[in-house]
Amino acid sequence: GVTDVYSTFVAFVALNKNAGTAQCWGSSNSGGACSGIDFAGVTDVYSGIAFLAWNKNNGTAQCWGASRRGGDCSDVDFAGVTDVYSTWNAFLALNRNEGRGQCWGYPIWGGVCNDVDFTGVTDIYRNSHVFIALDKNTGTGQCWGRTESGSDCSGIVFDGVTQVYSNYGAFVAWNGNTGKAQCWGISDQGGDCSHIDFTGVTDVYSADGTAFVALNKNNGTAQCWGDS
């Protein structure tokens with residue numbers, strides 16, 4: 001009867017949505033123990049180093065696992081929340097209709113977003129330690145979290161960006177219309193793409209680890225950068 005399986009680094013959740021039950025195993029500190037969680041009506045589960053079980057229909061959520069990494073969401077108001085996102089160490093509950101976001105978890109790795117204006121945000125991107133709130137209509141982006149992994153995006157021009165890609169410690173902001181890209185974050189994990197020619201690139205791919213690939217399907221060539 002299991003309908004979905006979710007994981008942190010060292011724990012799993014096997015969810016039966018139809019029965020409203022779940023089984024958890026692995027490290028109890030990272031979500032492997034969930035005997036106190038009511039899975040009836042849960043529509044989605046999110047994970048980092050902690051788990052979040054969300055009932056989108058009634059606007060409630062339960063968190064468990066590492067409390068400092070997002071496993072405690074008792075102070076979060078999920079009423080009206082439209083989307084939930086996670087890094088490894090933090091969560092973001094976004095209300096697109098009201099332009100309001102709530103963050104919790106490890107403060108310097110994305111768990112604090114009090115200074116972020118979520119009005120008009122069209123897309124949220126993240127890597128292991130950083131969130132990006134992008135408004136494609138105005139061409140503005142806001143980043144927060146771990147500095148080394150890309151939370152300082154003050155030098156990035158988001159105007160015209162069509163897609164943002166991420167891996168463990170870096171981002172690529174790509175303008176598919178002009179064939180230009182900007183990279184930032186940890187340089188040897190893909191945060192430096194100054195030597196890459198994005199002319200004619202049709203697709204960009206990222207590994208969960210520390211590298212990117214820019215592919216030109218039309219001429220069958222690819223360029224790779226990051227940690228070899």
# chains A, B, ... in the order shown; residues from 1 in each chain; ligands from 1
call {"tool": "residues_around", "arguments": {"residues": "region 104-114 of chain A", "least_positions_apart": "3", "cutoff": "6 Å", "atoms": "only C-alpha atoms", "output": "PyMOL selection string"}}
result
chain A and resi 68-70+89-91+129-130+144-146
call {"tool": "write_last_selection", "arguments": {"atoms": "C-alpha atoms", "output": "PDB file, in the first residue's frame"}}
result
ATOM      1  CA  ARG A  68      17.841  22.959  14.534  1.00  0.00           C
ATOM      2  CA  ARG A  69      17.742  21.862  10.887  1.00  0.00           C
ATOM      3  CA  GLY A  70      13.996  22.407  10.463  1.00  0.00           C
ATOM      4  CA  ASN A  89      19.258  22.585   6.724  1.00  0.00           C
ATOM      5  CA  ALA A  90      16.185  24.792   6.375  1.00  0.00           C
ATOM      6  CA  PHE A  91      12.654  25.095   5.035  1.00  0.00           C
ATOM      7  CA  HIS A 129      22.572  25.783   1.861  1.00  0.00           C
ATOM      8  CA  VAL A 130      21.024  28.684  -0.103  1.00  0.00           C
ATOM      9  CA  TRP A 144      20.002  34.036   1.431  1.00  0.00           C
ATOM     10  CA  GLY A 145      21.825  31.320   3.339  1.00  0.00           C
ATOM     11  CA  ARG A 146      25.462  30.255   3.382  1.00  0.00           C
TER      12      ARG A 146
END
call {"tool": "residues_around", "arguments": {"residues": "Thr43 (chain A)", "least_positions_apart": "6", "cutoff": "12 Å", "atoms": "only C-alpha atoms", "output": "list in words"}}
result
Thr3, Asp4, Leu15, Asn16, Lys17, Asn18, Ala19, Gly20, Thr21, Leu52, Ala53, Trp54, Asn55, Lys56, Asn57, Asn58, Gly59, Thr60, Ala61, Gln62, Asp83 and Val84 of chain A
call {"tool": "atom_distance", "arguments": {"atom1": "CA of Cys34 (chain A)", "atom2": "CA of Trp64 (chain A)"}}
result
7.2 Å
call {"tool": "atom_distance", "arguments": {"atom1": "CA of Lys180 (chain A)", "atom2": "CA of Trp88 (chain A)"}}
result
29.0 Å
call {"tool": "closest_atom_pairs", "arguments": {"of": "region 54-124 of chain A", "to": "region 131-137 of chain A", "cutoff": "7 Å", "atoms": "only C-alpha atoms", "output": "JSON lines"}}
result
{"residue": "A:Gly110", "atom": "CA", "partner": "A:Phe131", "partner_atom": "CA", "distance": 6.3}
{"residue": "A:Gly120", "atom": "CA", "partner": "A:Asp135", "partner_atom": "CA", "distance": 6.0}
{"residue": "A:Val121", "atom": "CA", "partner": "A:Asp135", "partner_atom": "CA", "distance": 4.4}
{"residue": "A:Thr122", "atom": "CA", "partner": "A:Asp135", "partner_atom": "CA", "distance": 5.0}
{"residue": "A:Asp123", "atom": "CA", "partner": "A:Leu134", "partner_atom": "CA", "distance": 5.2}
{"residue": "A:Ile124", "atom": "CA", "partner": "A:Ala133", "partner_atom": "CA", "distance": 4.8}
call {"tool": "select_by_dssp", "arguments": {"residues": "region 45-218 of chain A", "states": "helix (DSSP H, G or I)", "output": "VMD selection string"}}
result
chain A and resid 67 to 69 107 to 109 147 to 149 187 to 189
call {"tool": "atom_distance", "arguments": {"atom1": "CA of Ile196 (chain A)", "atom2": "CA of Arg126 (chain A)"}}
result
22.4 Å
call {"tool": "residues_around", "arguments": {"residues": "Gly200 (chain A)", "least_positions_apart": "5", "cutoff": "12 Å", "atoms": "only C-alpha atoms", "output": "PyMOL selection string"}}
result
chain A and resi 175-181+214-223
call {"tool": "closest_residue", "arguments": {"among": "A:Ser194, A:Gly1, A:Gly141, A:Tyr6", "to": "Asp44 (chain A)", "atoms": "only C-alpha atoms"}}
result
A:Tyr6
call {"tool": "residues_around", "arguments": {"residues": "Asp77 (chain A)", "least_positions_apart": "2", "cutoff": "10 Å", "atoms": "only C-alpha atoms", "output": "list in words"}}
result
Gly59, Thr60, Ala61, Cys73, Ser74, Asp75, Ala79, Gly80, Val81, Ala93 and Gln102 of chain A
